[in-house]
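Enquirer: Below you'll find the structure I mean.
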Amino acid sequence: MELTRRDALLLGAGAVAASVLPQPLFAAEPTLDELIAAFTEGAEVKDGGVDIGAPEIAENGNTVPVDVSAEGATSILLLAGGNPSPGVATFHFGKLAVPSASTRIRLAQTQDIVAVAKLSDGSYVKASRAVKVTIGGCGG
Amino acid sequence: MISRRDFLQATIAASAIIGASGIGQWGRLAAQQRLTQDDLLGFDPLGSVTLIHLTDLHAQLKPVWFREPEINIGVGEVNGLPPHVTGADFLKLYDIKPGSPEAYALSHQDFEALAKAYGRMGGLDRAATVVKSIRSERPDALLLDGGDTWHGSYVAEKTAGQDVVNVMNLLKPDAMTSHWEFTLGRDRVDEIVETLEFPFLGANIFDAEWDEPAYEPYKMFERGGAKIAVIGQSFPYMPIANPGWMFPGLSFGIREERIVELVAEVRDQGAELVVLLSHNGFDVDRKLASRVQGIDIILCGHTHDALPEPVQVGETFLIASGSNGKFVSRIDVEISGGAMKALRHKLIPVFSDIIAPDAEMAAAINAERAPYEAELSEVLGRTDSLLYRRGNFNGTWDDLICNALIEEREADIALSPGFRWGPSLLPGDPITREALFNVTGMSYPAAYRSEMTGERLKAILEDVADNLFNPDPFYQQGGDMVRVGGMGYAIDVGKPMGARVSQMTLLASGEPVEPSKSYVVAGWASVNEETEGPAIWDVVEAYIKRKKVIQLDPNKSVKVFRA
C-alpha cells in the first residue's frame with residue numbers, strides 16, 4: 001500500500017490527541033524557556049532529532065502551515081517564540097501513531113518556531129526553524 | 001580515467017579555441033563589420049542531448065535596448081561571486097574586452113556608445129532563428145521556457161498575455177514554468193494552460209487548503225536516446241511579492257523536501273539527466289544545488305542574470321540566460337552509463353542587427369501588434385537621459401516614475417517597486433506609449449496616494465532590504481530595492497533587518513523624516529486588493545506630455561555602506 005502525504009497526515013491526525021495549551025487570561029504569560037522547562041520537567045534537551053516543516057517566508061502570517069515530526073517521540077511541544085503567547089500545542093502520540101503532526105498557526109512577526117520532543121526512552125530533543133513574516137509586495 | 005571535473009575543464013579548454021568565455025570573442029570581427037550570424041550560432045556539438053533555454057522574456061517580442069545593472073550586491077557567502085559582479089570586474093572575470101560586443105551584451109560599461117555601435121538586442125523573431133538553427137542540427141533539442149513570459153508589454157496587458165502565448169506556441173516549447181503569469185489571475189492561467197501543447201510545470205505550486213500539488217511537477221522526455229526529466233519550479237514567493245488575491249487558494253514556497261522527493265522519483269523512473277527549470281532566482285538555486293543531490297542542470301531565471309559560463313555547485317551546473325529576449329542558451333550534454341558525463345554551453349547573444357529575423361515569427365508578431373499599432377507608436381515625449389531600470393537601488397526609469405508620482409499626485413515621497421523587468425531607452429529616443437508600458441504594464445497598476453508615518457516608511461524600506469540582503473538566499477525574493485523619490489536614505493547592507501536603513505531625509509527641505517510624523521506618499525503596484533488610484537501609465541504619460549523632454553539629474557539620494 002502506498003500512502004500519500006495527505007493520507008499519512010490524516011492517519012496521523014486520527015491517532016493523535018492534540019491539546020491546545022491553556023491560555024490564562026490574567027496571569028502573566030509563561031516565557032518560551034518556562035514552557036520548555038515545564039514540558040521537560042527540567043531535564044536536559046539535546047539539539048536535533050526533530051524535523052520542523054514550515055515555509056521560509058510566510059505567505060499569510062495569520063495561518064502558517066507547520067508540521068513537526070520526531071522519530072520515537074511520544075509527545076511534541078510546539079512553540080512560537082515571537083508571539084505574545086509562545087505556546088501553540090502539545091501533540092501526544094499513541095504507540096501505533098506516526099510521530100508526526102501538522103497544524104496552522106498565527107505568527108505575529110518574524111521568529112523561530114521551536115519544537116521539543118519527548119522520546120520513548122524519556123530523553124528530550126529540540127529544534128527550531130526561522131519563519132519570516134514580511135510586508136511583501138516588491139518582488140519581481 | 002578522466003574524472004568528470006577534468007572532462008568538463010577539458011571541454012571548456014577546448015571551447016577556448018572558439019571563445020574562452022563561452023560566448024565568443026568577436027571584437028575584431030565586429031569592428032570590421034564582419035561579425036555574422038554563423039559566428040554567433042557556431043557551436044561544436046557534444047553528446048546527443050541539447051537543451052535550449054529562454055527565460056524572463058517579459059513579453060518583449062521586438063528587439064530592445066537593455067542595460068545590465070551597475071550595482072548588484074551579493075551578501076553573505078555570495079559576496080563577490082557571479083552574478084554579483086558587474087562592470088569592469090565582470091569583464092575581467094570572464095576575460096571580455098571592454099568595448100567588445102560581449103561587453104555591450106553583458107555589462108553596463110559604456111552602454112550608450114556601445115548600443116549605438118552594436119544595435120538593439122533580442123526580438124522573438126531573431127530568437128526563433130536561433131531556435132530553428134539549433135533544431136535543424138539537433139532535431140531532438142528540448143526548448144525550455146523559464147517563465148515571466150506572458151507579461152510586460154502594452155499588447156500583453158491588453159490581451160491578458162494572449163499575444164505572447166500565440167507567438168510562443170510557434171516556437172513549440174517543450175515545457176515552461178512561471179511567475180508573473182499568475183498576475184493574469186489564476187482562472188486566466190488555467191484557461192491558457194488548457195490550450196497549451198506543452199506542460200506548464202510547477203512542482204512547488206500547491207492547493208493551499210489540501211496541501212496537494214496543483215500543477216504538473218515534471219515531465220519525462222526521451223530525446224537523443226536519453227531519458228530526461230525536467231522538473232519545473234515556479235517563483236517561490238508569488239503570494240508575498242505579488243498580489244495573492246489574484247490567485248487564491250494557491251501556495252508556493254521553495255519546498256526543498258519536495259524537490260528531493262521528485263529527484264528521487266524521476267531517477268527511479270530511469271532519468272539519466274535531471275534538469276530543474278527554475279524561477280527561484282540565482283542565489284536560491286545556488287543554495288538549493290548545494291543541498292539537493294542529483295540535479296544535473298538548473299536553468300535559472302527570475303533574477304535576470306546573464307552569465308557566459310555555467311556556475312558549478314558540487315555536481316550541478318547552473319545556467320543563467322538573461323532576460324527580455326537578449327540571450328538564448330544552448331547546452332549540449334553527453335550522457336553515458338545513465339549519467340551526465342560532460343556538458344558544453346553557450347550563451348548566445350541575440351544581436352538583432354546580425355541575426356536575421358525568422359519570417360514566420362516576424363509576421364506573427366506583427367499580426368499580434370497590428371490592432372494596437374497606433375497606440376503603441378504614439379510619441380508621448382522625448383528623453384535626453386538614458387532611461388534604464390536595473391540596479392539594486394535605483395534606475396533612471398524609476399527616477400522618472402517617482403518624479404511623475406510626486407508632481408502629478410502632489411506627494412512628499414514616491415515609491416516605485418524594485419522590478420527588474422523593463423528595457424532601456426537611449427538619450428534622444430522618443431518615449432512611445434509602448435516604451436512606457438514596457439516598464440509599467442501589469443495587472444495591478446493603481447497609483448495610490450496615502451499618508452504614512454516615518455516609522456511605517458522605515459519599516460517598508462527595512463522589509464524590502466531584507467528581501468534583497470538577507471544573508472540566507474532562501475529568505476530572498478529576488479527583486480531590487482524599492483525605489484524612493486523625494487526622500488534620501490543611507491543603507492548598510494551588512495546589518496541585520498531593522499538596522500540597515502538610516503538617515504531618512506526629505507530631499508525638498510533637507511529635514512530628517514520623523515518617525516511619528518505623517519507624509520503623503522504616492523506609489524503603485526500595491527499587493528493590496530482595495531488599492532485605489534489611476535493607472536501608473538496614465539500618471540507617467542500625463543507627466544511626460546507636460547514636460548515634453550525628460551532630463552534627469554544623477555540620483556545620489558541613496559548612500560550605500562557595508563559593515
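By order in the C-alpha cells, chains are A, B, ...; within a chain, residues start at 1; ligands start at 1, following the order shown.
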Can you work out which residues from chain B touch chain A at a cut-off of 8 Å (counting only C-alpha atoms) and hand them back as a compact mmCIF listing (two decimals) with C-alpha atoms, in the first residue's frame?
Expert:
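Just written: part_7.txt:
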# COMPACT_ATOMS: atom_id res chain seq x y z
CA TRP B 180 4.23 36.88 -13.49
CA TRP B 210 -5.43 20.45 0.92
CA ASP B 211 -1.67 20.84 0.58
CA GLU B 212 -1.78 18.86 -2.67
CA TYR B 237 7.25 33.91 -3.16
CA PRO B 239 1.68 35.38 -2.92
CA ILE B 240 4.09 37.62 -0.99
CA ALA B 241 5.80 39.59 -3.75
CA ASN B 242 2.72 39.76 -5.98
CA PRO B 243 -1.00 40.06 -5.10
CA SER B 251 0.51 28.15 -2.07
CA GLY B 253 7.37 28.25 -1.43
CA ILE B 254 10.79 26.74 -2.12
CA ARG B 255 9.71 23.31 -0.79
CA HIS B 302 13.84 35.37 -12.19
CA THR B 303 16.88 37.45 -11.20
CA PRO B 417 8.74 48.78 -6.71
CA GLY B 418 12.11 47.17 -7.39
CA PHE B 419 11.05 45.31 -10.52
CA ARG B 420 13.84 44.01 -12.73
CA TRP B 421 11.89 43.92 -15.99
CA ILE B 460 8.83 49.21 4.45
CA ASP B 463 11.36 44.85 4.90
CA VAL B 464 12.32 45.18 1.25
CA PHE B 474 16.16 31.18 0.91
CA TYR B 475 14.79 34.34 2.53
CA GLN B 477 12.61 37.32 -3.00
CA GLY B 478 14.75 38.39 -5.90
CA GLY B 479 13.61 41.88 -6.77
CA ASP B 480 15.63 45.04 -6.21
CA MET B 481 15.25 47.70 -3.52
CA VAL B 482 12.06 49.75 -3.64
CA ALA B 525 1.78 48.15 -7.70
CA SER B 526 0.49 47.56 -4.19
CA VAL B 527 -0.35 43.93 -3.48
Enquirer: DSSP on the backbone, then: every residue of region 10-127 of chain A marked strand (DSSP E), written as a PyMOL selection string.
Expert: chain A and resi 16-19+45-47+51-53+64-69+73-80+87-93+100-105+111-119+124-127
Enquirer: I'd like the interatomic distance between CA of Arg104 (chain A) and CA of Asn280 (chain B), to a tenth of an Å.
Expert: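 Interatomic distance here is 25.0 Å.
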Enquirer: State, in Å with one decimal place, the distance from CA of Glu157 (chain B) to CA of Gly122 (chain B).
Expert: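 CA of Gly122 (chain B) lies 20.1 Å from CA of Glu157 (chain B).
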Enquirer: Choose the residue, out of A:Leu77, A:Leu32, A:Ala108, A:Leu119, that has the smallest atom-to-atom separation from Thr63 (chain A); count only C-alpha atoms.
Expert: A:Ala108
Enquirer: Please report the interatomic distance between CA of Val165 (chain B) and CA of Ile134 (chain B) in Å with one decimal.
Expert: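 Computing the Euclidean distance for CA of Val165 (chain B) and CA of Ile134 (chain B) yields 21.7 Å.
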Enquirer: Which is closer to Glu71 (chain A) than all the others in A:Ala38, A:Asp33, A:Val45, A:Ser120, using only C-alpha atoms?
Expert: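 Nearest to Glu71 (chain A): A:Ser120.
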Enquirer: Identify, with DSSP run on backbone atoms, the residues in region 186-430 of chain B assigned to alpha helix (DSSP H), and express the list as a CSV table (one decimal) with C-alpha atoms, in the first residue's frame.
Expert:
chain,number,residue,atom,x,y,z
B,186,ARG,CA,-5.5,32.0,-11.7
B,187,ASP,CA,-8.5,31.5,-13.9
B,188,ARG,CA,-6.8,33.1,-16.8
B,189,VAL,CA,-3.6,31.0,-16.3
B,190,ASP,CA,-5.7,27.8,-16.2
B,191,GLU,CA,-7.6,28.9,-19.3
B,192,ILE,CA,-4.3,29.4,-21.2
B,193,VAL,CA,-2.8,26.2,-19.8
B,194,GLU,CA,-5.7,24.2,-21.2
B,195,THR,CA,-4.7,25.3,-24.7
B,238,MET,CA,4.4,34.5,-5.5
B,239,PRO,CA,1.7,35.4,-2.9
B,240,ILE,CA,4.1,37.6,-1.0
B,241,ALA,CA,5.8,39.6,-3.7
B,256,GLU,CA,13.2,21.8,-0.8
B,257,GLU,CA,11.9,18.5,0.5
B,258,ARG,CA,9.5,18.2,-2.4
B,259,ILE,CA,12.4,18.7,-4.9
B,260,VAL,CA,14.4,16.0,-3.1
B,261,GLU,CA,11.4,13.6,-3.4
B,262,LEU,CA,10.9,14.4,-7.0
B,263,VAL,CA,14.6,14.0,-8.0
B,264,ALA,CA,14.4,10.5,-6.3
B,265,GLU,CA,11.2,9.8,-8.1
B,266,VAL,CA,12.4,10.7,-11.6
B,267,ARG,CA,15.7,8.8,-11.0
B,268,ASP,CA,13.7,5.8,-10.1
B,282,PHE,CA,20.1,32.6,-8.9
B,283,ASP,CA,21.2,32.7,-5.3
B,284,VAL,CA,18.2,30.5,-4.2
B,285,ASP,CA,19.2,28.0,-7.0
B,286,ARG,CA,22.8,28.1,-5.9
B,287,LYS,CA,21.9,27.2,-2.3
B,288,LEU,CA,19.4,24.6,-3.5
B,289,ALA,CA,22.1,23.0,-5.6
B,290,SER,CA,24.3,22.8,-2.5
B,291,ARG,CA,21.6,21.0,-0.5
B,359,ALA,CA,9.9,35.4,-41.4
B,360,GLU,CA,7.1,33.3,-40.0
B,361,MET,CA,7.7,34.6,-36.4
B,362,ALA,CA,8.1,38.2,-37.6
B,363,ALA,CA,4.8,38.1,-39.4
B,364,ALA,CA,3.1,36.5,-36.4
B,365,ILE,CA,4.4,39.2,-34.0
B,366,ASN,CA,3.3,42.0,-36.4
B,367,ALA,CA,-0.1,40.4,-36.7
B,368,GLU,CA,-0.5,40.5,-32.9
B,369,ARG,CA,0.6,44.1,-32.8
B,373,GLU,CA,-0.1,49.9,-33.7
B,374,ALA,CA,-1.5,53.4,-33.4
B,375,GLU,CA,-1.5,53.4,-29.6
B,376,LEU,CA,1.9,51.7,-29.4
B,377,SER,CA,3.7,54.1,-31.6
B,396,THR,CA,16.5,56.3,-14.2
B,397,TRP,CA,13.2,54.9,-15.4
B,398,ASP,CA,12.1,54.7,-11.8
B,399,ASP,CA,13.5,58.2,-11.1
B,400,LEU,CA,11.2,59.4,-13.9
B,401,ILE,CA,8.2,57.4,-12.4
B,402,CYS,CA,8.9,58.7,-8.9
B,403,ASN,CA,9.1,62.3,-10.2
B,404,ALA,CA,5.8,61.8,-12.0
B,405,LEU,CA,4.2,60.4,-8.9
B,406,ILE,CA,5.3,63.3,-6.8
B,407,GLU,CA,4.2,66.0,-9.2
B,408,GLU,CA,1.1,64.5,-10.6
Enquirer: Nearest residue to Phe111 (chain B) out of B:Gln33, B:Ser516, B:Ser424, B:Thr440, using only C-alpha atoms?
Expert: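 Among the listed residues, B:Ser424 lies closest to Phe111 (chain B).
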Enquirer: Please provide as a PyMOL selection string all residues within 8 Å of Ile491 (chain B), with the sequence filter that same-chain residues fewer than 4 positions apart are discarded (counting only C-alpha atoms).
Expert: chain B and resi 500-502+558-561
Enquirer: Mind writing the picked residues with N, CA and C atoms as an mmCIF file, in the first residue's frame?
Expert:
data_model
loop_
_atom_site.group_PDB
_atom_site.id
_atom_site.type_symbol
_atom_site.label_atom_id
_atom_site.label_comp_id
_atom_site.auth_asym_id
_atom_site.auth_seq_id
_atom_site.Cartn_x
_atom_site.Cartn_y
_atom_site.Cartn_z
ATOM 1 N N ARG B 500 19.409 48.328 8.987
ATOM 2 C CA ARG B 500 20.120 48.658 7.748
ATOM 3 C C ARG B 500 19.917 50.114 7.320
ATOM 4 N N VAL B 501 18.686 50.609 7.500
ATOM 5 C CA VAL B 501 18.315 51.907 6.921
ATOM 6 C C VAL B 501 18.438 53.013 7.968
ATOM 7 N N SER B 502 19.071 54.124 7.579
ATOM 8 C CA SER B 502 19.199 55.274 8.488
ATOM 9 C C SER B 502 19.206 56.550 7.660
ATOM 10 N N VAL B 558 20.657 57.788 -2.368
ATOM 11 C CA VAL B 558 20.851 56.586 -1.544
ATOM 12 C C VAL B 558 22.348 56.399 -1.302
ATOM 13 N N LYS B 559 22.729 56.396 -0.020
ATOM 14 C CA LYS B 559 24.142 56.162 0.319
ATOM 15 C C LYS B 559 24.279 54.717 0.785
ATOM 16 N N VAL B 560 25.172 53.978 0.138
ATOM 17 C CA VAL B 560 25.286 52.553 0.424
ATOM 18 C C VAL B 560 26.574 52.271 1.196
ATOM 19 N N PHE B 561 26.415 51.560 2.294
ATOM 20 C CA PHE B 561 27.566 51.151 3.102
ATOM 21 C C PHE B 561 27.547 49.637 3.256
#
Enquirer: List the neighbours of Ala226 (chain B) out to 10 Å using only C-alpha atoms; skip same-chain residues closer than 5 positions along the sequence, and give me the result as a PyMOL selection string.
Expert: chain B and resi 48-49+221+270-273+334-336+338-339
Enquirer: Please identify all polymer residues within 8 Å of Gly49 (chain A), counting only C-alpha atoms, omitting same-chain residues fewer than 2 positions from it, and present them as a list of chain:residue names.
Expert: A:Asp47, A:Asp51, A:Ala70, A:Glu71, A:Val125, A:Lys126, A:Ala127
